[in-house]
Structure formats: C-alpha cells, structure tokens
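Quick look at target.cif (mmCIF, C-alpha atoms):
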data_model
loop_
_atom_site.label_atom_id
_atom_site.label_comp_id
_atom_site.auth_asym_id
_atom_site.auth_seq_id
_atom_site.Cartn_x
_atom_site.Cartn_y
_atom_site.Cartn_z
CA MET A 28 46.88 -29.57 5.08
CA LYS A 29 49.17 -26.68 4.14
CA ASN A 30 51.66 -24.93 6.46
CA GLY A 31 50.19 -26.83 9.40
CA ILE A 32 46.72 -25.26 8.97
CA PHE A 33 43.79 -27.65 9.01
CA PRO A 34 40.77 -26.77 6.86
CA ALA A 35 37.63 -25.94 8.83
CA ALA A 36 35.27 -28.88 9.12
CA LYS A 37 32.07 -28.51 7.21
CA VAL A 38 29.08 -28.37 9.54
CA GLY A 39 26.11 -30.41 8.31
CA LEU A 40 22.87 -31.83 9.59
CA ARG A 41 24.60 -34.49 11.67
CA GLU A 42 26.68 -31.93 13.59
CA ILE A 43 23.62 -29.78 14.28
CA ALA A 44 21.66 -32.85 15.39
CA GLU A 45 24.41 -33.90 17.83
CA ALA A 46 24.60 -30.40 19.30
CA ALA A 47 20.82 -30.22 19.71
CA HIS A 48 20.53 -33.84 20.97
CA VAL A 49 17.94 -34.69 18.32
CA SER A 50 17.87 -36.91 15.24
CA VAL A 51 19.11 -35.87 11.81
CA ALA A 52 15.54 -36.35 10.56
CA THR A 53 14.30 -33.82 13.13
CA VAL A 54 16.87 -31.26 12.00
CA SER A 55 15.84 -31.87 8.39
CA ARG A 56 12.17 -31.35 9.26
CA VAL A 57 12.97 -28.07 11.03
CA LEU A 58 15.00 -26.80 8.07
CA ASN A 59 12.20 -27.74 5.67
CA GLY A 60 9.63 -25.86 7.72
CA ASN A 61 7.70 -28.89 8.92
CA ASN A 62 5.40 -27.53 11.63
CA ARG A 63 4.84 -30.95 13.21
CA VAL A 64 8.03 -30.36 15.17
CA ALA A 65 7.31 -28.83 18.59
CA PRO A 66 8.24 -25.13 18.82
CA ALA A 67 10.62 -25.83 21.74
CA ILE A 68 12.55 -28.38 19.67
CA GLN A 69 12.60 -26.02 16.68
CA LYS A 70 14.16 -23.37 18.88
CA THR A 71 16.75 -25.82 20.22
CA VAL A 72 17.77 -26.78 16.68
CA MET A 73 17.96 -23.16 15.54
CA ASP A 74 20.00 -22.15 18.60
CA SER A 75 22.40 -25.08 18.10
CA ALA A 76 22.91 -24.12 14.47
CA LYS A 77 23.57 -20.54 15.49
CA ASN A 78 26.17 -21.68 18.04
CA LEU A 79 27.88 -23.62 15.25
CA ASN A 80 27.92 -20.45 13.09
CA VAL A 81 25.50 -21.94 10.60
CA ASP A 82 23.23 -19.37 8.96
CA LEU A 83 20.03 -21.34 8.44
CA SER A 84 18.35 -18.41 6.75
CA GLN A 85 20.58 -19.03 3.74
CA ARG A 86 19.26 -22.58 3.45
CA ASN A 87 15.75 -21.36 2.77
CA LYS A 88 15.75 -19.37 -0.44
CA THR A 89 11.95 -19.29 -0.68
CA LYS A 90 10.63 -15.76 -1.10
CA ALA A 91 6.87 -16.24 -1.03
CA LEU A 92 4.11 -15.06 1.32
CA ALA A 93 0.56 -16.39 1.65
CA PHE A 94 -2.31 -13.89 1.57
CA VAL A 95 -5.10 -15.69 3.44
CA LEU A 96 -8.61 -14.29 3.02
CA SER A 97 -10.69 -15.85 5.78
CA ASN A 98 -14.47 -16.21 5.85
CA ARG A 99 -15.14 -13.47 3.26
CA ALA A 100 -16.30 -13.40 -0.34
CA MET A 101 -13.37 -13.83 -2.72
CA LEU A 102 -14.13 -10.61 -4.62
CA HIS A 103 -14.80 -8.45 -1.54
CA VAL A 104 -13.95 -4.89 -2.67
CA PHE A 105 -12.04 -3.76 0.43
CA HIS A 106 -9.92 -6.89 0.79
CA SER A 107 -9.25 -7.06 -2.94
CA ARG A 108 -7.65 -3.63 -2.62
CA VAL A 109 -5.64 -4.76 0.42
CA LEU A 110 -4.39 -7.69 -1.70
CA HIS A 111 -3.49 -5.32 -4.53
CA GLY A 112 -1.38 -3.21 -2.17
CA ALA A 113 0.34 -6.29 -0.77
CA GLU A 114 1.07 -7.68 -4.24
CA THR A 115 2.50 -4.34 -5.41
CA TYR A 116 4.91 -4.21 -2.48
CA CYS A 117 5.94 -7.84 -2.93
CA THR A 118 6.65 -7.31 -6.62
CA ALA A 119 8.77 -4.23 -5.90
CA HIS A 120 10.88 -6.18 -3.38
CA GLY A 121 11.32 -9.46 -5.26
CA TRP A 122 8.78 -11.56 -3.33
CA ASP A 123 5.95 -13.74 -4.58
CA ILE A 124 2.49 -13.81 -3.03
CA ILE A 125 0.04 -16.73 -2.98
CA PHE A 126 -3.70 -16.04 -2.58
CA LEU A 127 -5.72 -18.49 -0.48
CA SER A 128 -9.40 -18.43 0.48
CA PHE A 129 -9.90 -20.12 3.87
CA ASN A 130 -13.19 -20.73 5.69
CA TYR A 131 -13.26 -22.00 9.25
CA SER A 132 -15.49 -21.98 12.33
CA PRO A 133 -14.85 -19.23 14.91
CA ASN A 134 -16.18 -21.60 17.60
CA ALA A 135 -13.70 -24.45 17.09
CA GLN A 136 -10.69 -24.91 19.36
CA TRP A 137 -7.42 -23.81 17.76
CA ASN A 138 -6.11 -27.39 17.64
CA GLU A 139 -9.23 -28.50 15.76
CA LEU A 140 -8.56 -26.20 12.79
CA HIS A 141 -6.87 -27.50 9.65
CA LEU A 142 -4.67 -24.97 7.90
CA PRO A 143 -4.19 -25.18 4.13
CA LYS A 144 -1.25 -27.53 3.60
CA VAL A 145 0.79 -24.98 1.67
CA VAL A 146 0.74 -22.60 4.66
CA GLN A 147 2.42 -25.29 6.75
CA ARG A 148 5.24 -25.72 4.22
CA ARG A 149 7.91 -23.26 5.34
CA ASP A 150 9.98 -24.30 2.33
CA VAL A 151 7.16 -22.89 0.17
CA VAL A 152 5.65 -20.06 2.23
CA ARG A 153 7.69 -18.00 4.66
CA ALA A 154 4.87 -16.13 6.42
CA VAL A 155 1.17 -15.31 6.33
CA ILE A 156 -0.84 -12.13 5.75
CA LEU A 157 -4.24 -12.54 7.44
CA ALA A 158 -7.13 -10.63 5.90
CA GLY A 159 -10.87 -11.22 5.84
CA THR A 160 -12.74 -12.07 9.05
CA ASN A 161 -10.60 -13.87 11.60
CA SER A 162 -11.06 -15.26 15.10
CA ILE A 163 -8.68 -15.75 17.99
CA ASN A 164 -8.56 -19.51 17.42
CA LEU A 165 -6.69 -19.10 14.10
CA VAL A 166 -4.30 -16.61 15.66
CA GLU A 167 -3.58 -19.09 18.46
CA LEU A 168 -3.03 -21.89 15.92
CA LEU A 169 -0.44 -19.86 14.01
CA ASN A 170 1.27 -18.93 17.28
CA ASN A 171 1.43 -22.55 18.38
CA LYS A 172 2.81 -23.71 15.05
CA GLY A 173 5.41 -20.94 15.00
CA ILE A 174 4.21 -19.53 11.67
CA PRO A 175 5.05 -15.81 11.30
CA TYR A 176 2.04 -13.67 10.41
CA VAL A 177 0.55 -10.19 10.42
CA VAL A 178 -3.19 -9.63 10.84
CA LEU A 179 -5.64 -6.85 9.99
CA GLY A 180 -6.82 -6.08 13.51
CA ASN A 181 -10.07 -4.33 12.51
CA ASN A 182 -11.58 -7.64 11.45
CA VAL A 183 -10.54 -9.94 14.29
CA ILE A 184 -13.36 -11.28 16.44
CA GLY A 185 -12.16 -11.34 20.05
CA ASP A 186 -9.49 -9.60 22.09
CA ILE A 187 -6.07 -9.71 20.42
CA GLN A 188 -4.35 -7.07 22.55
CA HIS A 189 -2.72 -9.63 24.88
CA LEU A 190 -1.34 -11.77 22.05
CA LYS A 191 2.24 -11.36 20.86
CA ASN A 192 1.72 -10.79 17.17
CA ASP A 193 2.06 -8.10 14.51
CA VAL A 194 -1.17 -6.16 13.93
CA ILE A 195 -2.19 -3.33 11.64
CA PHE A 196 -5.30 -1.23 12.09
CA SER A 197 -7.20 1.24 9.98
CA ASP A 198 -8.26 3.97 12.40
CA ASP A 199 -11.94 3.58 11.57
CA THR A 200 -12.97 4.38 15.16
CA GLN A 201 -11.45 7.84 14.93
CA GLY A 202 -12.76 8.19 11.39
CA SER A 203 -16.34 7.44 12.40
CA GLU A 204 -16.03 9.91 15.26
CA ASP A 205 -14.77 12.55 12.82
CA ILE A 206 -17.61 12.01 10.35
CA THR A 207 -20.21 12.06 13.14
CA ARG A 208 -18.79 15.38 14.32
CA TYR A 209 -19.05 16.60 10.72
CA LEU A 210 -22.76 15.69 10.65
CA ILE A 211 -23.27 17.44 13.98
CA GLY A 212 -21.52 20.49 12.55
CA LEU A 213 -24.08 20.51 9.73
CA GLY A 214 -26.80 20.88 12.35
CA HIS A 215 -27.88 17.24 12.69
CA ARG A 216 -28.93 16.12 16.16
CA HIS A 217 -30.90 12.96 15.33
CA ILE A 218 -28.20 10.75 13.83
CA CYS A 219 -28.63 6.96 13.72
CA PHE A 220 -25.96 4.32 13.17
CA VAL A 221 -26.87 1.39 10.91
CA GLY A 222 -24.76 -1.78 10.94
CA ASN A 223 -24.23 -5.15 12.56
CA ILE A 224 -22.42 -4.21 15.77
CA ARG A 225 -21.78 -7.90 16.51
CA LEU A 226 -19.10 -7.76 13.82
CA PRO A 227 -15.83 -6.05 14.81
CA TRP A 228 -15.55 -3.54 11.94
CA PHE A 229 -19.10 -2.29 12.53
CA SER A 230 -18.52 -2.30 16.30
CA ARG A 231 -15.40 -0.15 15.96
CA CYS A 232 -17.25 2.43 13.83
CA PHE A 233 -20.18 2.39 16.25
CA ALA A 234 -17.77 3.12 19.12
CA GLY A 235 -16.42 6.20 17.32
CA TYR A 236 -19.95 7.37 16.52
CA CYS A 237 -20.96 7.01 20.20
CA ARG A 238 -17.86 8.91 21.31
CA ALA A 239 -18.81 11.89 19.16
CA MET A 240 -22.45 11.82 20.21
CA ASP A 241 -21.47 11.73 23.88
CA LYS A 242 -19.15 14.71 23.49
CA PHE A 243 -22.09 16.78 22.26
CA SER A 244 -24.52 15.34 24.85
CA LEU A 245 -26.57 13.69 22.11
CA VAL A 246 -28.31 10.34 22.48
CA PRO A 247 -26.79 7.56 20.31
CA ALA A 248 -29.23 5.40 18.36
CA ASN A 249 -28.55 2.32 16.29
CA SER A 250 -30.38 -0.13 14.10
CA SER A 251 -28.37 -3.37 14.16
CA ILE A 252 -29.20 -6.31 11.89
CA ASP A 253 -27.66 -9.72 12.62
CA SER A 254 -26.39 -10.50 9.13
CA GLU A 255 -23.08 -10.63 7.26
CA ASP A 256 -24.59 -9.30 4.01
CA ASP A 257 -23.70 -5.60 4.00
CA ASP A 258 -26.43 -4.57 1.58
CA GLU A 259 -29.02 -6.46 3.63
CA ILE A 260 -27.73 -4.86 6.85
CA GLY A 261 -28.19 -1.39 5.41
CA TYR A 262 -31.56 -2.07 3.86
CA LEU A 263 -33.22 -3.88 6.77
CA GLY A 264 -31.59 -1.65 9.36
CA THR A 265 -33.02 1.44 7.69
CA LYS A 266 -36.46 -0.10 7.19
CA SER A 267 -36.52 -1.06 10.87
CA LEU A 268 -35.46 2.43 11.88
CA LEU A 269 -38.19 4.07 9.83
CA ALA A 270 -40.80 1.62 11.14
CA ARG A 271 -39.98 2.65 14.71
CA GLY A 272 -40.97 6.20 13.87
CA GLU A 273 -38.04 7.74 15.71
CA PRO A 274 -36.84 11.17 14.57
CA VAL A 275 -33.83 10.90 12.24
CA THR A 276 -32.18 13.49 10.02
CA ALA A 277 -28.98 11.59 9.21
CA ILE A 278 -27.83 7.96 8.99
CA LEU A 279 -24.23 6.79 9.42
CA ALA A 280 -23.73 3.37 7.80
CA GLY A 281 -20.93 1.16 9.12
CA ASN A 282 -19.46 0.77 5.63
CA ASP A 283 -20.17 1.93 2.08
CA ALA A 284 -21.80 -1.35 1.03
CA ALA A 285 -24.28 -1.00 3.90
CA ALA A 286 -24.86 2.62 2.82
CA HIS A 287 -25.96 1.23 -0.56
CA GLY A 288 -28.65 -0.72 1.29
CA VAL A 289 -29.61 2.45 3.18
CA TYR A 290 -30.08 4.27 -0.13
CA LYS A 291 -32.43 1.56 -1.43
CA ALA A 292 -34.50 1.52 1.75
CA LEU A 293 -34.93 5.29 1.80
CA ARG A 294 -35.97 5.38 -1.84
CA ASP A 295 -38.40 2.50 -1.35
CA SER A 296 -39.93 4.61 1.42
CA GLY A 297 -40.28 7.66 -0.83
CA LEU A 298 -37.50 9.66 0.85
CA GLU A 299 -34.88 11.76 -0.93
CA ILE A 300 -31.13 11.89 -0.15
CA PRO A 301 -30.05 14.34 1.21
CA ASP A 302 -33.21 16.49 1.16
CA ASP A 303 -35.10 14.29 3.61
CA ILE A 304 -32.27 12.33 5.25
CA SER A 305 -28.50 12.74 4.94
CA VAL A 306 -26.40 9.56 4.61
CA ALA A 307 -22.72 8.93 5.33
CA GLY A 308 -20.62 5.77 5.09
CA CYS A 309 -17.27 4.31 6.14
CA ASP A 310 -14.35 2.92 4.02
CA ASP A 311 -14.81 4.72 0.64
CA THR A 312 -15.06 1.57 -1.47
CA VAL A 313 -18.24 2.13 -3.50
CA GLY A 314 -19.34 5.59 -2.38
CA VAL A 315 -18.35 7.32 -5.60
CA TRP A 316 -20.59 4.90 -7.57
CA LEU A 317 -23.75 5.83 -5.62
CA TYR A 318 -26.12 8.65 -6.50
CA PRO A 319 -25.89 11.08 -4.92
CA ARG A 320 -22.22 10.42 -4.34
CA LEU A 321 -21.64 9.24 -0.79
CA THR A 322 -19.92 11.25 1.92
CA THR A 323 -17.68 8.73 3.67
CA ILE A 324 -14.42 7.89 5.44
CA ARG A 325 -11.47 6.95 3.25
CA GLU A 326 -9.48 4.04 4.75
CA PHE A 327 -6.56 3.47 2.28
CA PRO A 328 -6.73 -0.35 1.89
CA GLU A 329 -3.83 -0.47 -0.59
CA GLN A 330 -1.63 1.19 2.02
CA LEU A 331 -2.77 -1.36 4.58
CA GLY A 332 -1.64 -4.15 2.23
CA LYS A 333 1.76 -2.56 1.61
CA GLN A 334 2.33 -2.00 5.33
CA MET A 335 1.36 -5.58 6.15
CA VAL A 336 4.00 -6.95 3.78
CA GLU A 337 6.63 -4.55 5.13
CA MET A 338 5.79 -5.63 8.69
CA ILE A 339 6.03 -9.35 7.95
CA LEU A 340 9.30 -8.98 6.03
CA ASN A 341 10.68 -7.17 9.09
CA ARG A 342 9.48 -10.08 11.21
CA ILE A 343 11.22 -12.61 8.92
CA ALA A 344 14.47 -10.63 9.09
CA ASN A 345 14.21 -10.03 12.86
CA PRO A 346 12.15 -12.84 14.38
CA ASP A 347 12.91 -11.79 17.97
CA GLN A 348 11.78 -8.18 17.67
CA GLU A 349 8.88 -6.86 19.75
CA PRO A 350 5.34 -7.16 18.30
CA GLN A 351 4.62 -4.37 15.83
CA ARG A 352 1.47 -2.22 16.05
CA ILE A 353 0.66 0.21 13.24
CA THR A 354 -2.45 2.36 12.80
CA ILE A 355 -3.26 3.98 9.45
CA PRO A 356 -5.29 7.22 9.76
CA THR A 357 -8.49 7.89 7.81
CA GLU A 358 -9.80 10.90 5.89
CA ILE A 359 -13.30 12.39 5.57
CA ILE A 360 -14.44 12.58 1.93
CA LYS A 361 -17.24 15.13 1.59
CA ARG A 362 -19.57 14.52 -1.30
CA ASP A 363 -23.26 15.09 -2.08
CA SER A 364 -25.18 12.82 0.31
CA CYS A 365 -25.17 15.18 3.31
CA ARG A 366 -26.66 18.66 3.67
CA PRO A 367 -26.78 21.23 6.45
CA ILE A 368 -30.03 21.68 8.34
CA SER A 369 -31.26 24.37 10.72
CA ALA A 370 -31.02 23.63 14.42
#
Here is a file; write its structure as structure tokens.
Amino acid sequence: MKNGIFPAAKVGLREIAEAAHVSVATVSRVLNGNNRVAPAIQKTVMDSAKNLNVDLSQRNKTKALAFVLSNRAMLHVFHSRVLHGAETYCTAHGWDIIFLSFNYSPNAQWNELHLPKVVQRRDVVRAVILAGTNSINLVELLNNKGIPYVVLGNNVIGDIQHLKNDVIFSDDTQGSEDITRYLIGLGHRHICFVGNIRLPWFSRCFAGYCRAMDKFSLVPANSSIDSEDDDEIGYLGTKSLLARGEPVTAILAGNDAAAHGVYKALRDSGLEIPDDISVAGCDDTVGVWLYPRLTTIREFPEQLGKQMVEMILNRIANPDQEPQRITIPTEIIKRDSCRPISA
C-alpha cells in the first residue's frame, strides 16, 4: 500500500468461476477450447470474464485455422486452388493453416459425427474453413459445438439459408446463364446440359442454364448421370444423349472435368469439336489443357480462399456480428470449342 491506494486484485480462474457459478475446472476447459462444455455454460463463463474486465482473447495466442476438405479427392484441382488462396492470405496476415481431409456420411445425425480431434482443440485451431462436399449435419455439429467456421456454399448438400453461419458463393448460377446466352447468341437452339444434377454444384449450373433457355423460349434438355466421377459423368452423359438421337448442336458441361469426358465421348463417336458439336464448361480449371481449348466460366477459386479466411478472421474478432454472405462473380472465357451456326 502506498498513499492509501490499494493495488488492484488480480483476477484469475477462481474469481471467474465464482462469478459464473461454475467450477475452476470448467473455466479452464472453456479457456482451453474444450468443446465438451455446453455452449450456454461457455457463454456464461465468457460473459462473467467480460464483466470482470478480463480479456480472454489475450489468453489464447493461437493463430491457426483448419482447412477441412470434406468428401473430395485430396488433389481436387478446384479445391487445391481454394486452399492456395487461403494459405496465401494466412501467410500475409501472420496466421498458420492446417490441412485436413475429412470423410463422413451425409445421412448421419449431427451428433453421430466425429470431428477430427484437432478441430475440437480451440487452443490449437481457432476456426474452420469448410471446403469439399459438405452436408447440413456437419454444419449443425459445428454450430452446436460453438466452433467458428465459414463454408463454401456452392458445395453444401441441403438448405443452408436458414442457418446462422458465414457463407461464400461463387456465382456459378449466373455464370452458367451467361454462357448459355452466349451459345444462344452463336445461333444454337439445341443445347443440352450434361452433369449430375443431384450434386449441388451441378444443380446450380443447371438452374442458370434453364433460366437462360426459358428466357429465349427454348426447351431445356439434360443428361444426368448419378456419379461423383466428373470424367465419367461427362462421358456417360454424352453417350446417353447421343444414343437418344435427340438434336443437339451444343453441350454445356457442369464443370471442366466433366467437359473432358464430353470430349472423349464425342471423339469416340466420330464427332468433331466444334465443327459437329460445340462444347462449353464451368469453372475454368482444366479447360486450357483440352484440345480444342475449352470455352468456359472462370470462377476465381484463389479469391474464394482468400475471402473465406478474411471472413473467418472477422468472425474471430467480432463473434457477435451478423452472418456474412459474399458472392464472387464469374467471367466467360471464350476459346476454341464453340462456333457460330446458322439459325
């Protein structure tokens, strides 16, 4: 004591526990990011600490995010580029990123899923970037465990609009509408969509294609193959289309990898691209490697990755902010696989 002034008492775990009416062990678990503590109790502890002017954010110095690739091949071209964009942004802002491959059933209940243990360690990983193919059950699990995350909305199976989470979209629906309108502008009237419309990214592109066809009073047609192998989808979808004998002057594939399968099927059938049938794709991942070079939609996956990291860092800094929704536009890339035809 000096001049009658008492030093301020140091606030520790015991003081926070007394204020929150929980045990010291519970406070410790909350501070260490143990997700076995109920979200309501976590909030009580955090609120009590805040009332005691304790900045808990300073207790967790971890600066690492988990990039979780769900139910997709590890070297998937599109998601590898999303990861590259995320890693670049993390590096520039002093954060680390951990890559995890995670496979789970879309049909299981959320409380039946088992997250990778490192994701549940808030003292190791602060938040999650969800890429790959995801279902609502995983989103619900993360919500229930209070784990901050951002998800690539294009690849979520199920309706996520009502959930309170951060989502980023590539505007592939508008992009597929734009490229369909481009084909129509070249004189094509018999345009068929090839993809697996049971999968959300194909379904979104099919919706944009239908929108354009409807605007020009043209009849949509699709050849959908129930597979998750893009090359197989394109190949079998095109073979099935040709076997039906329907008139077709152009094919829009739901992604570039499926367009590769379209190319093989047309060549196996003795048809030339674009002299006999024009072909377009979506996402601009492998189109430049094909011959002739593929006309497609560019989706900017690196930018998606950068934006996802920026969104989740905003969420970490401001956990109570409203859910963020960002849509990245697309661009038509005109190459050699489409030609004009007479009406």
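Residues in contact with stretch 270-275 of chain A at 12 Å, where all atoms listed in the file are counted and same-chain residues fewer than 6 positions away are skipped, are listed as His215, Arg216, His217, Ile218, Cys219, Phe220, Val221, Val246, Pro247, Ala248, Asn249, Ser250, Leu263, Gly264, Ala292, Leu293, Ser296, Asp303, Ile304, Ser305 and Val306 of chain A.
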12 Å contact set for A:Phe129, all atoms listed in the file, chain neighbours under 4 positions out, as a PyMOL selection string: chain A and resi 93-101+140-146+157-161+165
Chain and number of each residue from the PyMOL selection byres ((chain A and resi 225-229) around 10), as a PyMOL selection string: chain A and resi 160-161+180-185+197+199-200+220-224+230-234+251-255+280-282+309
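If you count only C-alpha atoms and draw a sphere of 9 Å around (3.5, -14.5, 17.1), the protein and nucleic acid residues inside it come out as Val166, Glu167, Leu169, Asn170, Asn171, Gly173, Ile174, Pro175, Tyr176, Val177, Leu190, Lys191, Asn192, Asp193 and Pro350 of chain A.
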Same residues, C-alpha atoms, output as a compact mmCIF listing (two decimals), in the frame of the given file:
# COMPACT_ATOMS: atom_id res chain seq x y z
CA VAL A 166 -4.30 -16.61 15.66
CA GLU A 167 -3.58 -19.09 18.46
CA LEU A 169 -0.44 -19.86 14.01
CA ASN A 170 1.27 -18.93 17.28
CA ASN A 171 1.43 -22.55 18.38
CA GLY A 173 5.41 -20.94 15.00
CA ILE A 174 4.21 -19.53 11.67
CA PRO A 175 5.05 -15.81 11.30
CA TYR A 176 2.04 -13.67 10.41
CA VAL A 177 0.55 -10.19 10.42
CA LEU A 190 -1.34 -11.77 22.05
CA LYS A 191 2.24 -11.36 20.86
CA ASN A 192 1.72 -10.79 17.17
CA ASP A 193 2.06 -8.10 14.51
CA PRO A 350 5.34 -7.16 18.30
Spatial neighbours of A:Trp122, max dist 10 Å, only C-alpha atoms, sep filter under 3 positions, as JSON, numbers by chain: {"A": [89, 90, 91, 92, 114, 115, 116, 117, 118, 119, 336, 340]}
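Once the PyMOL selection byres ((chain A and resi 202) around 10) is applied to the shown structure, the selection contains Ser197, Asp198, Asp199, Thr200, Gln201, Ser203, Glu204, Asp205, Ile206, Thr207, Arg208, Arg231, Cys232, Gly235, Tyr236, Cys309, Asp310, Thr323, Ile324, Arg325, Glu326, Pro356, Thr357, Glu358 and Ile359 of chain A.
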Exercise on stretch 93-102 of chain A, axis-aligned box with 3 Å per side, report centre and edge lengths in Å to one decimal, as lines of an AutoDock Vina configuration file:
center_x = -7.9
center_y = -13.5
center_z = 0.6
size_x = 22.9
size_y = 11.8
size_z = 16.5
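Pairwise distance (atom CA of A:Ile360, atom CA of A:Thr322) equals 5.6 Å.
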Result set of the PyMOL selection byres ((chain A and resi 108) around 10) on the coordinates above, as a ChimeraX atom specification: /A:102-107,109-114,312,327-332
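Of the listed residues A:Ile211, A:Ile68, A:Val54, A:Ala135, the one whose atoms come nearest to A:Arg41 is A:Val54, with distances taken using all atoms listed in the file.
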Point-to-point distance from atom CA of A:Ala52 to atom CA of A:Arg342, Å rounded to tenths: 27.0 Å
Please provide as a PDB file with C-alpha atoms, keeping the file's coordinate frame all residues within 6 Å of stretch 313-315 of chain A, with the sequence filter that same-chain residues fewer than 5 positions apart are discarded (counting all atoms listed in the file).
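So the final result, stored in out_16.pdb, reads:
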ATOM      1  CA  ASP A 283     -20.170   1.930   2.080  1.00  0.00           C
ATOM      2  CA  ARG A 320     -22.220  10.420  -4.340  1.00  0.00           C
ATOM      3  CA  LEU A 321     -21.640   9.240  -0.790  1.00  0.00           C
TER       4      LEU A 321
END
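Each of A:Val178, A:Leu317, A:Ala47, A:Leu298 was compared to A:Thr276 using all atoms listed in the file, and A:Leu298 turns out to be the nearest.
Picture a line from atom CA of A:Val152 to atom CA of A:Asn345; it runs 16.9 Å.
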Residue neighbourhood A:Thr71, 10 Å, all atoms listed in the file, exclusion window fewer than 6 positions, as an NGL selection string: :A and (43-44 or 46-49 or 54 or 77)
Of the listed residues A:Lys172, A:Tyr318, A:Leu268, A:Pro367, that which approaches A:Pro66 most closely, counting all atoms listed in the file: A:Lys172
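Among the candidates A:Leu40, A:Ile187, A:Leu127, A:Val51, the residue lying nearest to A:Ala76 is A:Leu40 (atoms considered: only C-alpha atoms).
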Minimum-distance residue to A:Leu279, chosen among A:Asn78, A:Gln348, A:Ser364, A:Asn164 (using only C-alpha atoms): A:Ser364
